[in-house]
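For reference, data.csv is printed below; it contains CSV, C-alpha atoms and all ligand atoms.
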chain,number,residue,atom,x,y,z
A,938,VAL,CA,-23.5,-5.0,14.1
A,939,PHE,CA,-21.5,-1.8,14.7
A,940,ASN,CA,-18.0,-2.4,13.3
A,941,PHE,CA,-15.4,-0.1,14.9
A,942,SER,CA,-12.5,-1.7,12.9
A,943,ALA,CA,-9.5,0.6,12.0
A,944,GLY,CA,-9.3,-1.0,8.6
A,945,PRO,CA,-10.4,-2.7,6.5
A,946,ALA,CA,-13.4,-0.9,7.9
A,947,ALA,CA,-17.2,-0.7,7.6
A,948,LEU,CA,-18.5,0.7,4.3
A,949,PRO,CA,-21.8,2.5,3.8
A,950,GLU,CA,-24.6,-0.1,3.8
A,951,PRO,CA,-26.4,1.4,0.7
A,952,VAL,CA,-23.1,0.9,-1.2
A,953,LEU,CA,-22.8,-2.7,-0.3
A,954,ARG,CA,-26.5,-3.4,-1.1
A,955,LEU,CA,-26.1,-1.8,-4.6
A,956,ALA,CA,-22.9,-3.7,-5.2
A,957,ALA,CA,-24.7,-7.0,-4.2
A,958,GLU,CA,-27.5,-6.1,-6.6
A,959,GLU,CA,-25.1,-5.4,-9.4
A,960,MET,CA,-22.7,-8.3,-8.6
A,961,LEU,CA,-23.7,-10.7,-11.3
A,962,ASP,CA,-24.8,-8.3,-14.0
A,963,TRP,CA,-23.5,-4.8,-14.1
A,964,HIS,CA,-26.0,-2.5,-15.9
A,965,GLY,CA,-27.3,-5.2,-18.3
A,966,SER,CA,-23.8,-6.0,-19.5
A,967,GLY,CA,-24.2,-9.6,-18.5
A,968,MET,CA,-20.9,-9.4,-16.6
A,969,SER,CA,-19.7,-8.8,-13.1
A,970,VAL,CA,-17.4,-5.8,-12.8
A,971,MET,CA,-14.8,-8.4,-11.6
A,972,GLU,CA,-15.0,-10.1,-15.0
A,973,MET,CA,-14.6,-7.1,-17.2
A,974,SER,CA,-11.5,-6.2,-19.2
A,975,HIS,CA,-10.0,-3.1,-17.8
A,976,ARG,CA,-9.7,-1.8,-21.4
A,977,GLY,CA,-13.4,-2.5,-22.3
A,978,LYS,CA,-15.8,0.4,-22.6
A,979,GLU,CA,-17.8,-0.6,-19.5
A,980,PHE,CA,-14.8,-0.5,-17.1
A,981,ILE,CA,-13.4,2.6,-18.7
A,982,ALA,CA,-16.7,4.3,-17.9
A,983,ILE,CA,-16.6,3.1,-14.3
A,984,HIS,CA,-13.0,4.2,-13.9
A,985,ALA,CA,-13.6,7.6,-15.5
A,986,GLU,CA,-16.7,8.2,-13.3
A,987,ALA,CA,-14.8,7.3,-10.1
A,988,GLU,CA,-12.0,9.7,-11.0
A,989,ALA,CA,-14.5,12.5,-11.9
A,990,LEU,CA,-16.4,12.1,-8.6
A,991,LEU,CA,-13.2,12.1,-6.6
A,992,ARG,CA,-12.0,15.3,-8.4
A,993,GLU,CA,-15.3,16.9,-7.7
A,994,LEU,CA,-15.5,15.9,-4.0
A,995,LEU,CA,-12.0,17.1,-3.2
A,996,ALA,CA,-12.0,20.0,-5.7
A,997,ILE,CA,-8.8,18.6,-7.1
A,998,PRO,CA,-7.1,21.3,-9.3
A,999,ALA,CA,-6.6,20.5,-13.0
A,1000,ASN,CA,-2.8,20.5,-12.6
A,1001,TYR,CA,-3.0,17.4,-10.4
A,1002,LYS,CA,-3.0,13.8,-11.6
A,1003,VAL,CA,-5.2,11.2,-9.8
A,1004,LEU,CA,-3.7,7.7,-9.9
A,1005,PHE,CA,-5.5,4.4,-8.9
A,1006,LEU,CA,-2.6,2.1,-8.0
A,1007,GLN,CA,-1.8,-1.1,-6.1
A,1008,GLY,CA,0.7,-1.7,-3.3
A,1009,GLY,CA,-1.0,0.1,-0.4
A,1010,ALA,CA,0.2,3.0,1.7
A,1011,ILE,CA,3.2,1.0,2.8
A,1012,GLY,CA,4.2,0.6,-0.8
A,1013,GLN,CA,4.0,4.4,-1.2
A,1014,ASN,CA,6.5,4.7,1.7
A,1015,ALA,CA,9.1,3.6,-0.9
A,1016,ILE,CA,7.4,4.8,-4.1
A,1017,VAL,CA,7.2,8.5,-2.9
A,1018,PRO,CA,11.0,8.9,-2.4
A,1019,MET,CA,11.7,7.0,-5.6
A,1020,ASN,CA,9.5,9.5,-7.5
A,1021,LEU,CA,9.9,12.7,-5.6
A,1022,LEU,CA,13.6,13.1,-4.8
A,1023,ARG,CA,14.1,14.7,-8.2
A,1024,GLY,CA,17.9,14.8,-8.0
A,1025,LYS,CA,17.9,15.7,-4.3
A,1026,THR,CA,19.2,13.4,-1.6
A,1027,ARG,CA,17.4,14.6,1.5
A,1028,ALA,CA,13.7,14.7,2.6
A,1029,ASP,CA,12.0,16.0,5.8
A,1030,TYR,CA,9.7,13.8,7.8
A,1031,VAL,CA,7.5,14.7,10.8
A,1032,ASP,CA,7.2,11.8,13.3
A,1033,THR,CA,3.8,11.7,14.9
A,1034,GLY,CA,3.6,8.0,15.7
A,1035,ASP,CA,3.6,4.5,14.4
A,1036,TRP,CA,2.7,5.2,10.8
A,1037,SER,CA,5.1,8.1,10.5
A,1038,LYS,CA,7.9,5.9,11.8
A,1039,LYS,CA,7.2,3.3,9.2
A,1040,SER,CA,7.4,6.0,6.5
A,1041,ILE,CA,10.7,7.3,7.9
A,1042,LYS,CA,12.3,3.9,8.1
A,1043,GLU,CA,11.4,3.0,4.5
A,1044,ALA,CA,12.4,6.4,3.1
A,1045,GLY,CA,15.8,5.8,4.7
A,1046,HIS,CA,16.6,3.2,2.0
A,1047,TYR,CA,16.4,5.9,-0.7
A,1048,CYS,CA,17.5,9.2,0.9
A,1049,THR,CA,18.8,10.9,4.0
A,1050,VAL,CA,15.9,11.5,6.3
A,1051,ASN,CA,15.7,14.6,8.5
A,1052,VAL,CA,13.2,14.1,11.2
A,1053,ALA,CA,12.1,17.7,11.3
A,1054,ALA,CA,9.9,17.3,14.3
A,1055,SER,CA,8.7,14.5,16.6
A,1056,GLY,CA,5.8,13.9,19.0
A,1057,LYS,CA,8.1,11.8,21.2
A,1058,GLY,CA,8.2,14.5,23.9
A,1059,SER,CA,4.5,14.0,24.5
A,1060,ASN,CA,4.7,10.3,24.0
A,1061,PHE,CA,2.9,10.9,20.7
A,1062,THR,CA,-0.2,12.3,22.3
A,1063,ALA,CA,0.1,15.6,20.4
A,1064,ILE,CA,1.2,16.9,17.0
A,1065,PRO,CA,4.4,19.0,17.3
A,1066,LYS,CA,3.5,22.7,16.7
A,1067,GLN,CA,5.0,24.1,13.5
A,1068,ASP,CA,7.2,26.6,15.2
A,1069,ALA,CA,9.2,23.7,16.6
A,1070,TRP,CA,9.8,22.1,13.2
A,1071,ARG,CA,13.3,22.2,11.9
A,1072,LEU,CA,12.8,22.1,8.1
A,1073,ASP,CA,15.7,21.6,5.7
A,1074,PRO,CA,15.6,24.1,2.9
A,1075,ASP,CA,17.2,21.5,0.6
A,1076,ALA,CA,14.7,18.8,1.3
A,1077,ALA,CA,13.0,17.3,-1.7
A,1078,TYR,CA,9.7,17.3,0.2
A,1079,VAL,CA,8.2,17.3,3.7
A,1080,HIS,CA,6.2,14.2,4.7
A,1081,ILE,CA,3.5,14.0,7.3
A,1082,CYS,CA,0.9,11.5,8.3
A,1083,SER,CA,-2.3,13.5,8.5
A,1084,ASN,CA,-4.0,11.1,10.9
A,1085,GLU,CA,-2.2,8.5,13.0
A,1086,THR,CA,-4.6,5.6,12.9
A,1087,ILE,CA,-3.0,3.8,15.9
A,1088,GLY,CA,-2.2,6.7,18.2
A,1089,GLY,CA,-5.2,8.8,17.4
A,1090,VAL,CA,-3.6,12.2,16.7
A,1091,GLU,CA,-4.8,14.2,13.6
A,1092,TYR,CA,-3.6,17.5,12.0
A,1093,HIS,CA,-6.4,20.0,12.2
A,1094,TRP,CA,-4.3,22.5,10.3
A,1095,THR,CA,-2.2,22.4,7.1
A,1096,PRO,CA,1.6,22.8,7.6
A,1097,ASP,CA,3.3,25.6,5.7
A,1098,THR,CA,6.3,24.2,3.9
A,1099,GLY,CA,7.0,27.2,1.6
A,1100,SER,CA,8.2,26.1,-1.8
A,1101,VAL,CA,9.1,22.6,-0.6
A,1102,PRO,CA,6.2,20.2,-1.6
A,1103,LEU,CA,4.1,18.8,1.3
A,1104,VAL,CA,3.4,15.1,1.1
A,1105,ALA,CA,0.7,13.5,3.2
A,1106,ASP,CA,-0.2,9.9,4.1
A,1107,MET,CA,-4.0,10.5,4.4
A,1108,SER,CA,-4.9,6.8,4.6
A,1109,SER,CA,-7.1,7.2,7.6
A,1110,ASN,CA,-8.7,10.6,7.2
A,1111,ILE,CA,-9.0,11.2,3.4
A,1112,LEU,CA,-12.6,12.2,2.5
A,1113,SER,CA,-13.5,12.9,6.1
A,1114,ARG,CA,-13.7,16.6,5.5
A,1115,PRO,CA,-12.8,19.2,2.8
A,1116,ILE,CA,-9.1,19.9,2.2
A,1117,ASP,CA,-7.3,22.4,0.1
A,1118,VAL,CA,-5.4,20.0,-2.3
A,1119,SER,CA,-3.4,22.9,-3.7
A,1120,ARG,CA,-1.5,23.1,-0.4
A,1121,TYR,CA,-0.1,19.6,-1.0
A,1122,GLY,CA,2.4,18.4,-3.6
A,1123,LEU,CA,1.2,14.8,-3.1
A,1124,ILE,CA,-1.5,13.0,-1.2
A,1125,TYR,CA,-1.7,9.2,-0.9
A,1126,ALA,CA,-4.1,6.8,0.8
A,1127,GLY,CA,-4.8,3.1,1.1
A,1128,ALA,CA,-8.5,2.7,0.3
A,1129,GLN,CA,-9.6,0.4,3.1
A,1130,LYS,CA,-11.0,3.0,5.5
A,1131,ASN,CA,-13.0,5.8,3.9
A,1132,ILE,CA,-12.8,4.7,0.3
A,1133,GLY,CA,-13.5,1.1,-0.4
A,1134,PRO,CA,-11.9,-2.4,-0.4
A,1135,ALA,CA,-8.3,-3.0,0.4
A,1136,GLY,CA,-6.1,-3.3,-2.7
A,1137,LEU,CA,-6.6,0.2,-4.2
A,1138,THR,CA,-4.2,3.0,-3.4
A,1139,ILE,CA,-5.0,6.5,-4.4
A,1140,VAL,CA,-2.3,9.0,-5.3
A,1141,ILE,CA,-3.0,12.7,-6.0
A,1142,VAL,CA,0.1,14.4,-7.3
A,1143,ARG,CA,1.0,17.8,-8.8
A,1144,ASP,CA,2.0,17.6,-12.4
A,1145,ASP,CA,5.4,19.3,-12.1
A,1146,LEU,CA,6.6,16.8,-9.5
A,1147,ILE,CA,6.5,13.8,-11.7
A,1148,GLY,CA,8.8,12.6,-14.5
A,1149,GLN,CA,12.1,12.4,-12.6
A,1150,ALA,CA,11.8,9.0,-10.9
A,1151,LEU,CA,15.0,7.2,-9.8
A,1152,PRO,CA,16.2,4.7,-12.5
A,1153,ILE,CA,15.5,1.8,-10.1
A,1154,THR,CA,11.8,2.7,-9.9
A,1155,PRO,CA,9.6,-0.2,-11.0
A,1156,THR,CA,7.6,0.9,-14.1
A,1157,ALA,CA,4.3,0.1,-12.4
A,1158,PHE,CA,5.3,2.6,-9.6
A,1159,ASP,CA,6.6,5.4,-11.8
A,1160,TYR,CA,3.9,8.1,-11.4
A,1161,ALA,CA,4.7,9.7,-14.8
A,1162,GLN,CA,4.3,6.3,-16.6
A,1163,GLN,CA,1.1,5.5,-14.8
A,1164,ALA,CA,-0.3,9.0,-15.4
A,1165,ALA,CA,0.5,8.7,-19.1
A,1166,ASN,CA,-1.5,5.4,-19.2
A,1167,ASP,CA,-4.5,6.5,-17.1
A,1168,SER,CA,-3.4,4.2,-14.2
A,1169,MET,CA,-3.6,1.3,-16.7
A,1170,LEU,CA,0.0,0.6,-17.3
A,1171,ASN,CA,-0.7,-2.7,-15.5
A,1172,THR,CA,-4.1,-4.1,-14.6
A,1173,PRO,CA,-5.6,-1.8,-11.9
A,1174,PRO,CA,-7.6,-3.1,-9.0
A,1175,THR,CA,-10.8,-2.9,-11.0
A,1176,TYR,CA,-13.4,-4.1,-8.5
A,1177,ALA,CA,-12.0,-1.9,-5.8
A,1178,ILE,CA,-12.1,1.1,-8.1
A,1179,TYR,CA,-15.8,0.3,-8.9
A,1180,ILE,CA,-16.7,0.2,-5.2
A,1181,ALA,CA,-14.7,3.3,-4.5
A,1182,GLY,CA,-16.8,5.0,-7.2
A,1183,LEU,CA,-20.0,3.9,-5.5
A,1184,VAL,CA,-18.6,5.3,-2.2
A,1185,PHE,CA,-17.8,8.6,-3.8
A,1186,ARG,CA,-21.3,8.8,-5.2
A,1187,TRP,CA,-22.7,8.0,-1.7
A,1188,ILE,CA,-20.5,10.9,-0.2
A,1189,LYS,CA,-21.9,13.2,-2.9
A,1190,ASP,CA,-25.5,12.1,-2.0
A,1191,GLN,CA,-24.8,12.9,1.7
A,1192,GLY,CA,-24.1,16.5,0.7
A,1193,GLY,CA,-20.4,16.2,-0.1
A,1194,LEU,CA,-17.5,16.6,2.3
A,1195,ALA,CA,-18.8,19.6,4.2
A,1196,ALA,CA,-21.8,17.6,5.3
A,1197,ILE,CA,-19.6,14.5,6.0
A,1198,GLU,CA,-17.4,16.7,8.2
A,1199,ALA,CA,-20.3,18.0,10.2
A,1200,HIS,CA,-21.5,14.4,10.7
A,1201,ASN,CA,-18.0,13.2,11.7
A,1202,ARG,CA,-17.6,16.1,14.2
A,1203,ARG,CA,-20.9,15.3,15.8
A,1204,LYS,CA,-20.0,11.6,16.2
A,1205,ALA,CA,-16.5,12.4,17.6
A,1206,ALA,CA,-17.9,14.9,20.1
A,1207,ILE,CA,-20.4,12.4,21.5
A,1208,LEU,CA,-17.6,10.1,22.3
A,1209,TYR,CA,-14.9,12.5,23.5
A,1210,ASP,CA,-17.4,14.5,25.6
A,1211,PHE,CA,-18.5,11.4,27.4
A,1212,VAL,CA,-14.9,10.2,28.0
A,1213,ASP,CA,-14.0,13.6,29.3
A,1214,SER,CA,-17.0,13.7,31.6
A,1215,SER,CA,-16.1,10.3,33.2
A,1216,ASP,CA,-13.6,9.4,35.8
A,1217,PHE,CA,-13.8,5.8,34.7
A,1218,TYR,CA,-12.5,6.3,31.1
A,1219,THR,CA,-9.6,8.5,29.9
A,1220,SER,CA,-8.3,9.9,26.7
A,1221,PRO,CA,-4.6,10.6,26.6
A,1222,ILE,CA,-4.6,12.7,23.5
A,1223,ALA,CA,-4.2,16.5,23.5
A,1224,ARG,CA,-7.6,18.0,22.8
A,1225,GLU,CA,-6.7,20.1,19.8
A,1226,ASP,CA,-5.0,17.1,18.1
A,1227,ARG,CA,-7.7,14.5,18.7
A,1228,SER,CA,-8.5,12.4,15.7
A,1229,LEU,CA,-12.1,12.5,14.4
A,1230,MET,CA,-11.6,9.1,12.9
A,1231,ASN,CA,-9.8,6.9,15.5
A,1232,VAL,CA,-10.6,7.5,19.1
A,1233,PRO,CA,-8.4,5.6,21.5
A,1234,PHE,CA,-9.5,5.6,25.1
A,1235,LYS,CA,-8.6,3.7,28.3
A,1236,LEU,CA,-10.4,2.2,31.2
A,1237,ARG,CA,-8.6,3.6,34.3
A,1238,ASP,CA,-8.6,0.0,35.7
A,1239,GLU,CA,-7.0,-2.0,32.9
A,1240,SER,CA,-7.9,-5.2,34.6
A,1241,LEU,CA,-11.5,-4.6,33.4
A,1242,ASP,CA,-10.5,-4.4,29.7
A,1243,ALA,CA,-11.3,-8.0,28.8
A,1244,ALA,CA,-14.8,-7.8,30.5
A,1245,PHE,CA,-15.4,-4.5,28.7
A,1246,LEU,CA,-14.6,-6.1,25.3
A,1247,LYS,CA,-16.6,-9.2,26.0
A,1248,GLY,CA,-19.7,-7.1,26.9
A,1249,ALA,CA,-19.2,-5.0,23.7
A,1250,GLU,CA,-19.0,-8.1,21.6
A,1251,ALA,CA,-22.2,-9.4,23.2
A,1252,ARG,CA,-23.9,-6.1,22.2
A,1253,ALA,CA,-22.7,-6.5,18.6
A,1254,MET,CA,-20.0,-3.9,18.8
A,1255,LYS,CA,-16.9,-5.3,17.1
A,1256,GLN,CA,-13.2,-4.5,17.0
A,1257,LEU,CA,-12.9,-2.1,19.9
A,1258,LYS,CA,-9.6,-3.5,21.2
A,1259,GLY,CA,-6.8,-0.9,20.9
A,1260,HIS,CA,-3.7,-1.6,18.9
A,1261,ARG,CA,-1.3,-3.8,20.7
A,1262,SER,CA,1.3,-1.1,20.8
A,1263,VAL,CA,-0.9,1.3,22.9
A,1264,GLY,CA,-3.4,-1.0,24.6
A,1265,GLY,CA,-6.8,0.1,25.9
A,1266,MET,CA,-9.6,0.6,23.4
A,1267,ARG,CA,-9.9,2.3,20.1
A,1268,ALA,CA,-13.2,3.2,18.3
A,1269,SER,CA,-12.6,3.9,14.6
A,1270,ILE,CA,-15.6,6.0,13.5
A,1271,TYR,CA,-15.0,6.6,9.8
A,1272,ASN,CA,-17.5,8.1,7.4
A,1273,ALA,CA,-19.7,5.0,7.3
A,1274,MET,CA,-20.2,4.7,11.0
A,1275,PRO,CA,-23.7,6.0,11.8
A,1276,ILE,CA,-24.4,8.3,14.8
A,1277,GLU,CA,-26.4,5.4,16.2
A,1278,GLY,CA,-23.2,3.3,16.5
A,1279,VAL,CA,-21.5,6.0,18.6
A,1280,GLU,CA,-24.6,6.4,20.7
A,1281,ALA,CA,-24.8,2.7,21.3
A,1282,LEU,CA,-21.1,2.6,22.3
A,1283,VAL,CA,-21.6,5.5,24.8
A,1284,ALA,CA,-24.7,3.9,26.2
A,1285,TYR,CA,-22.8,0.7,26.8
A,1286,MET,CA,-19.8,2.6,28.3
A,1287,LYS,CA,-22.2,4.2,30.8
A,1288,GLU,CA,-23.8,0.9,31.6
A,1289,PHE,CA,-20.4,-0.8,32.1
A,1290,GLU,CA,-19.2,2.1,34.3
A,1291,ALA,CA,-22.4,1.9,36.4
A,1292,SER,CA,-21.9,-1.8,37.1
A,1293,ASN,CA,-18.1,-1.8,37.5
A,1294,GLY,CA,-17.3,1.8,38.7
B,1,LIG,N1,-0.7,4.6,6.8
B,1,LIG,C1,-1.7,4.7,7.6
B,1,LIG,C2,-2.0,6.1,8.3
B,1,LIG,C3,-2.5,3.6,7.9
B,1,LIG,O1,-3.6,3.7,8.8
B,1,LIG,C4,-2.3,2.4,7.3
B,1,LIG,C5,-3.1,1.2,7.6
B,1,LIG,O2,-3.7,0.6,6.9
B,1,LIG,C6,-1.2,2.3,6.4
B,1,LIG,C7,-0.4,3.5,6.2
B,1,LIG,C8,-0.8,1.1,5.8
B,1,LIG,O3,-1.5,0.9,4.6
B,1,LIG,P1,-1.5,-0.4,3.7
B,1,LIG,O4,-1.7,-1.5,4.7
B,1,LIG,O5,-2.6,-0.1,2.8
B,1,LIG,O6,-0.2,-0.5,3.1
What is this file in structure tokens?
Amino acid sequence: VFNFSAGPAALPEPVLRLAAEEMLDWHGSGMSVMEMSHRGKEFIAIHAEAEALLRELLAIPANYKVLFLQGGAIGQNAIVPMNLLRGKTRADYVDTGDWSKKSIKEAGHYCTVNVAASGKGSNFTAIPKQDAWRLDPDAAYVHICSNETIGGVEYHWTPDTGSVPLVADMSSNILSRPIDVSRYGLIYAGAQKNIGPAGLTIVIVRDDLIGQALPITPTAFDYAQQAANDSMLNTPPTYAIYIAGLVFRWIKDQGGLAAIEAHNRRKAAILYDFVDSSDFYTSPIAREDRSLMNVPFKLRDESLDAAFLKGAEARAMKQLKGHRSVGGMRASIYNAMPIEGVEALVAYMKEFEASNG
């Protein structure tokens, strides 16, 4: 089966096989990782290794904390302003689609949101160029969604926000390529695409931005308190952290993020090149802003959508239906999707076009 789900999404098969092998007895401990105390030496080693691997893969500078939390990226939509306003009352947000809008709406409960730029003019098929952004010099931070999972637009550049910290929701493109963490004040991501099982949320935050949370902030979501307790102020999502560690190890074994990026670029090119060469399928997204992770495409004749999906299902290609808000199709091709999956999809798209075009 090739699973094109947007998330929770396919994980690398060797990771799942190893997890299955270790399920009942982790490294001779006689325990499943699920059964371990988060304060026991076994789990502390698993947690420390996962963090060390993530730091190595992303070359995270020493003045950044890595937190393994719960609550998902949607939780962070509230937790970020609670922690990062630091006495200010305003924050900048760039609206590039569905996920940005959710962040904007939630932040509005805690501060005055300035929508510094919006993709609305292009119907969210492009990322607004930075020269059109209207940044507020008094903003506590500037928030972006680095990859819009539903709309399929992705930043292929890092915004320059001067001394105002840049905050990114990287849920759907974290670990898909190298990034310069030092350009960001804070990065957050739900795990369920490129990292591991749902339930784990990763936060990477610069030291000087923490410690001034609003008094209403729940203790479990105060970055400074979690950092002081190695993300163990409450019970962390232990099994998800363990799987994330196995995924990080797998990425390292693939050659790290530069090799992963090359692989992801090859996969995306196969799909976009075919869509562009065809009159039967279309991609609405501006070429320079196309996501390497989530590829929405449409059949020009929408009345064929159901037949297309049925045929895909029959060929063991799952979850290709586009999000209900945009329709059409969407192929999510995260790190774990092999090139063969994309080739199988394109072969099927050609076959479908030949018999219906
Ligand atoms: N942000 C982005 C970009 C997403 O793709 C998703 C989807 O999972 C979310 C936020 C929501 O994350 P969660 O469901 O983990 O709260």
Exercise for the section: Figure out the distance between CA of Ala947 (chain A) and CA of Phe1289 (chain A), please, to one decimal in Å. Expected result: 24.7 Å
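For Lys1042 (chain A), the non-local neighbours within 12 Å, defined as residues at least 6 positions apart in the same chain or in other chains and counting only C-alpha atoms, are Ile1011, Asn1014, Ala1015, Pro1018, Tyr1030, Asp1032, Asp1035, Trp1036, Cys1048, Thr1049, Val1050, Asn1051 and Val1052 of chain A.
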Problem - Closest of A:Ala946, A:Cys1082, A:Ala987, A:Ala1281 to Ala1253 (chain A) - atom-to-atom distances counting only C-alpha atoms - result: A:Ala1281
Problem - Residues near Gly1089 (chain A), cut-off 8 Å, all atoms listed in the file, skip fewer than 2 positions along chain, as an MDAnalysis selection string - result: chainID A and resid 1062 1084:1087 1091 1222 1227:1228 1230:1233
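The space separating CA of Leu955 (chain A) from CA of Trp1187 (chain A) comes to 10.8 Å.
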Handout entry: Surrounding residues as a PyMOL selection string, ligand LIG 1 (chain B), max 8 Å, all atoms listed in the file
Key = chain A and resi 943-945+1008-1013+1036-1037+1082-1087+1106-1109+1126-1130+1135-1136+1138
Please produce a file of the residues just selected, as a PDB file, in the coordinates of the input, where the atoms kept are C-alpha atoms.
ATOM      1  CA  ALA A 943      -9.500   0.600  12.000  1.00  0.00           C
ATOM      2  CA  GLY A 944      -9.300  -1.000   8.600  1.00  0.00           C
ATOM      3  CA  PRO A 945     -10.400  -2.700   6.500  1.00  0.00           C
ATOM      4  CA  GLY A1008       0.700  -1.700  -3.300  1.00  0.00           C
ATOM      5  CA  GLY A1009      -1.000   0.100  -0.400  1.00  0.00           C
ATOM      6  CA  ALA A1010       0.200   3.000   1.700  1.00  0.00           C
ATOM      7  CA  ILE A1011       3.200   1.000   2.800  1.00  0.00           C
ATOM      8  CA  GLY A1012       4.200   0.600  -0.800  1.00  0.00           C
ATOM      9  CA  GLN A1013       4.000   4.400  -1.200  1.00  0.00           C
ATOM     10  CA  TRP A1036       2.700   5.200  10.800  1.00  0.00           C
ATOM     11  CA  SER A1037       5.100   8.100  10.500  1.00  0.00           C
ATOM     12  CA  CYS A1082       0.900  11.500   8.300  1.00  0.00           C
ATOM     13  CA  SER A1083      -2.300  13.500   8.500  1.00  0.00           C
ATOM     14  CA  ASN A1084      -4.000  11.100  10.900  1.00  0.00           C
ATOM     15  CA  GLU A1085      -2.200   8.500  13.000  1.00  0.00           C
ATOM     16  CA  THR A1086      -4.600   5.600  12.900  1.00  0.00           C
ATOM     17  CA  ILE A1087      -3.000   3.800  15.900  1.00  0.00           C
ATOM     18  CA  ASP A1106      -0.200   9.900   4.100  1.00  0.00           C
ATOM     19  CA  MET A1107      -4.000  10.500   4.400  1.00  0.00           C
ATOM     20  CA  SER A1108      -4.900   6.800   4.600  1.00  0.00           C
ATOM     21  CA  SER A1109      -7.100   7.200   7.600  1.00  0.00           C
ATOM     22  CA  ALA A1126      -4.100   6.800   0.800  1.00  0.00           C
ATOM     23  CA  GLY A1127      -4.800   3.100   1.100  1.00  0.00           C
ATOM     24  CA  ALA A1128      -8.500   2.700   0.300  1.00  0.00           C
ATOM     25  CA  GLN A1129      -9.600   0.400   3.100  1.00  0.00           C
ATOM     26  CA  LYS A1130     -11.000   3.000   5.500  1.00  0.00           C
ATOM     27  CA  ALA A1135      -8.300  -3.000   0.400  1.00  0.00           C
ATOM     28  CA  GLY A1136      -6.100  -3.300  -2.700  1.00  0.00           C
ATOM     29  CA  THR A1138      -4.200   3.000  -3.400  1.00  0.00           C
TER      30      THR A1138
END
Exercise for the section: Identify, on the basis of all atoms listed in the file, every residue whose closest approach to Met1254 (chain A) does not exceed 6 Å; exclude the query and any residue fewer than 2 positions from it along the same chain; express the result as a VMD selection string. Expected result: chain A and resid 938 to 939 1249 to 1250 1252
Handout entry: Length of the CA of Met973 (chain A) to CA of Val1003 (chain A) vector [Å]
Key = 21.9 Å
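With all atoms listed in the file taken into account, the protein and nucleic acid residues at most 9 Å from Ala1164 (chain A) (excluding it and anything under 5 positions from it in its own chain) are Lys1002, Val1003, Leu1004, Asp1159, Met1169 and Leu1170 of chain A.
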Just the selected residues (C-alpha atoms), exported as an mmCIF file, keeping the file's coordinate frame, please.
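See part_13.cif below for the written result:
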data_model
loop_
_atom_site.group_PDB
_atom_site.id
_atom_site.type_symbol
_atom_site.label_atom_id
_atom_site.label_comp_id
_atom_site.auth_asym_id
_atom_site.auth_seq_id
_atom_site.Cartn_x
_atom_site.Cartn_y
_atom_site.Cartn_z
ATOM 1 C CA LYS A 1002 -3.000 13.800 -11.600
ATOM 2 C CA VAL A 1003 -5.200 11.200 -9.800
ATOM 3 C CA LEU A 1004 -3.700 7.700 -9.900
ATOM 4 C CA ASP A 1159 6.600 5.400 -11.800
ATOM 5 C CA MET A 1169 -3.600 1.300 -16.700
ATOM 6 C CA LEU A 1170 0.000 0.600 -17.300
#
Contacts between region 991-1001 of chain A and region 1033-1142 of chain A, please, where a residue of region 1033-1142 of chain A counts if it comes within 12 Å (with all atoms listed in the file); show its shortest atom pair and distance in Å to one decimal, rows by chain and ascending number, as CSV.
residue,atom,partner,partner_atom,distance
A:Ile1111,CA,A:Leu995,CA,9.3
A:Leu1112,CA,A:Leu995,CA,7.5
A:Ser1113,CA,A:Leu995,CA,10.3
A:Arg1114,CA,A:Leu995,CA,8.9
A:Pro1115,CA,A:Leu995,CA,6.4
A:Ile1116,CA,A:Leu995,CA,6.7
A:Asp1117,CA,A:Leu995,CA,7.8
A:Val1118,CA,A:Ile997,CA,6.0
A:Ser1119,CA,A:Pro998,CA,6.9
A:Arg1120,CA,A:Pro998,CA,10.7
A:Tyr1121,CA,A:Tyr1001,CA,10.1
A:Gly1122,CA,A:Tyr1001,CA,8.7
A:Leu1123,CA,A:Tyr1001,CA,8.8
A:Ile1124,CA,A:Tyr1001,CA,10.3
A:Ile1132,CA,A:Leu991,CA,10.1
A:Ile1139,CA,A:Leu991,CA,10.2
A:Val1140,CA,A:Tyr1001,CA,9.9
A:Ile1141,CA,A:Tyr1001,CA,6.4
A:Val1142,CA,A:Tyr1001,CA,5.3
Convert the current residue selection to file output with C-alpha atoms, as a PDB file, in the coordinates of the input.
ATOM      1  CA  ILE A1111      -9.000  11.200   3.400  1.00  0.00           C
ATOM      2  CA  LEU A1112     -12.600  12.200   2.500  1.00  0.00           C
ATOM      3  CA  SER A1113     -13.500  12.900   6.100  1.00  0.00           C
ATOM      4  CA  ARG A1114     -13.700  16.600   5.500  1.00  0.00           C
ATOM      5  CA  PRO A1115     -12.800  19.200   2.800  1.00  0.00           C
ATOM      6  CA  ILE A1116      -9.100  19.900   2.200  1.00  0.00           C
ATOM      7  CA  ASP A1117      -7.300  22.400   0.100  1.00  0.00           C
ATOM      8  CA  VAL A1118      -5.400  20.000  -2.300  1.00  0.00           C
ATOM      9  CA  SER A1119      -3.400  22.900  -3.700  1.00  0.00           C
ATOM     10  CA  ARG A1120      -1.500  23.100  -0.400  1.00  0.00           C
ATOM     11  CA  TYR A1121      -0.100  19.600  -1.000  1.00  0.00           C
ATOM     12  CA  GLY A1122       2.400  18.400  -3.600  1.00  0.00           C
ATOM     13  CA  LEU A1123       1.200  14.800  -3.100  1.00  0.00           C
ATOM     14  CA  ILE A1124      -1.500  13.000  -1.200  1.00  0.00           C
ATOM     15  CA  ILE A1132     -12.800   4.700   0.300  1.00  0.00           C
ATOM     16  CA  ILE A1139      -5.000   6.500  -4.400  1.00  0.00           C
ATOM     17  CA  VAL A1140      -2.300   9.000  -5.300  1.00  0.00           C
ATOM     18  CA  ILE A1141      -3.000  12.700  -6.000  1.00  0.00           C
ATOM     19  CA  VAL A1142       0.100  14.400  -7.300  1.00  0.00           C
TER      20      VAL A1142
END
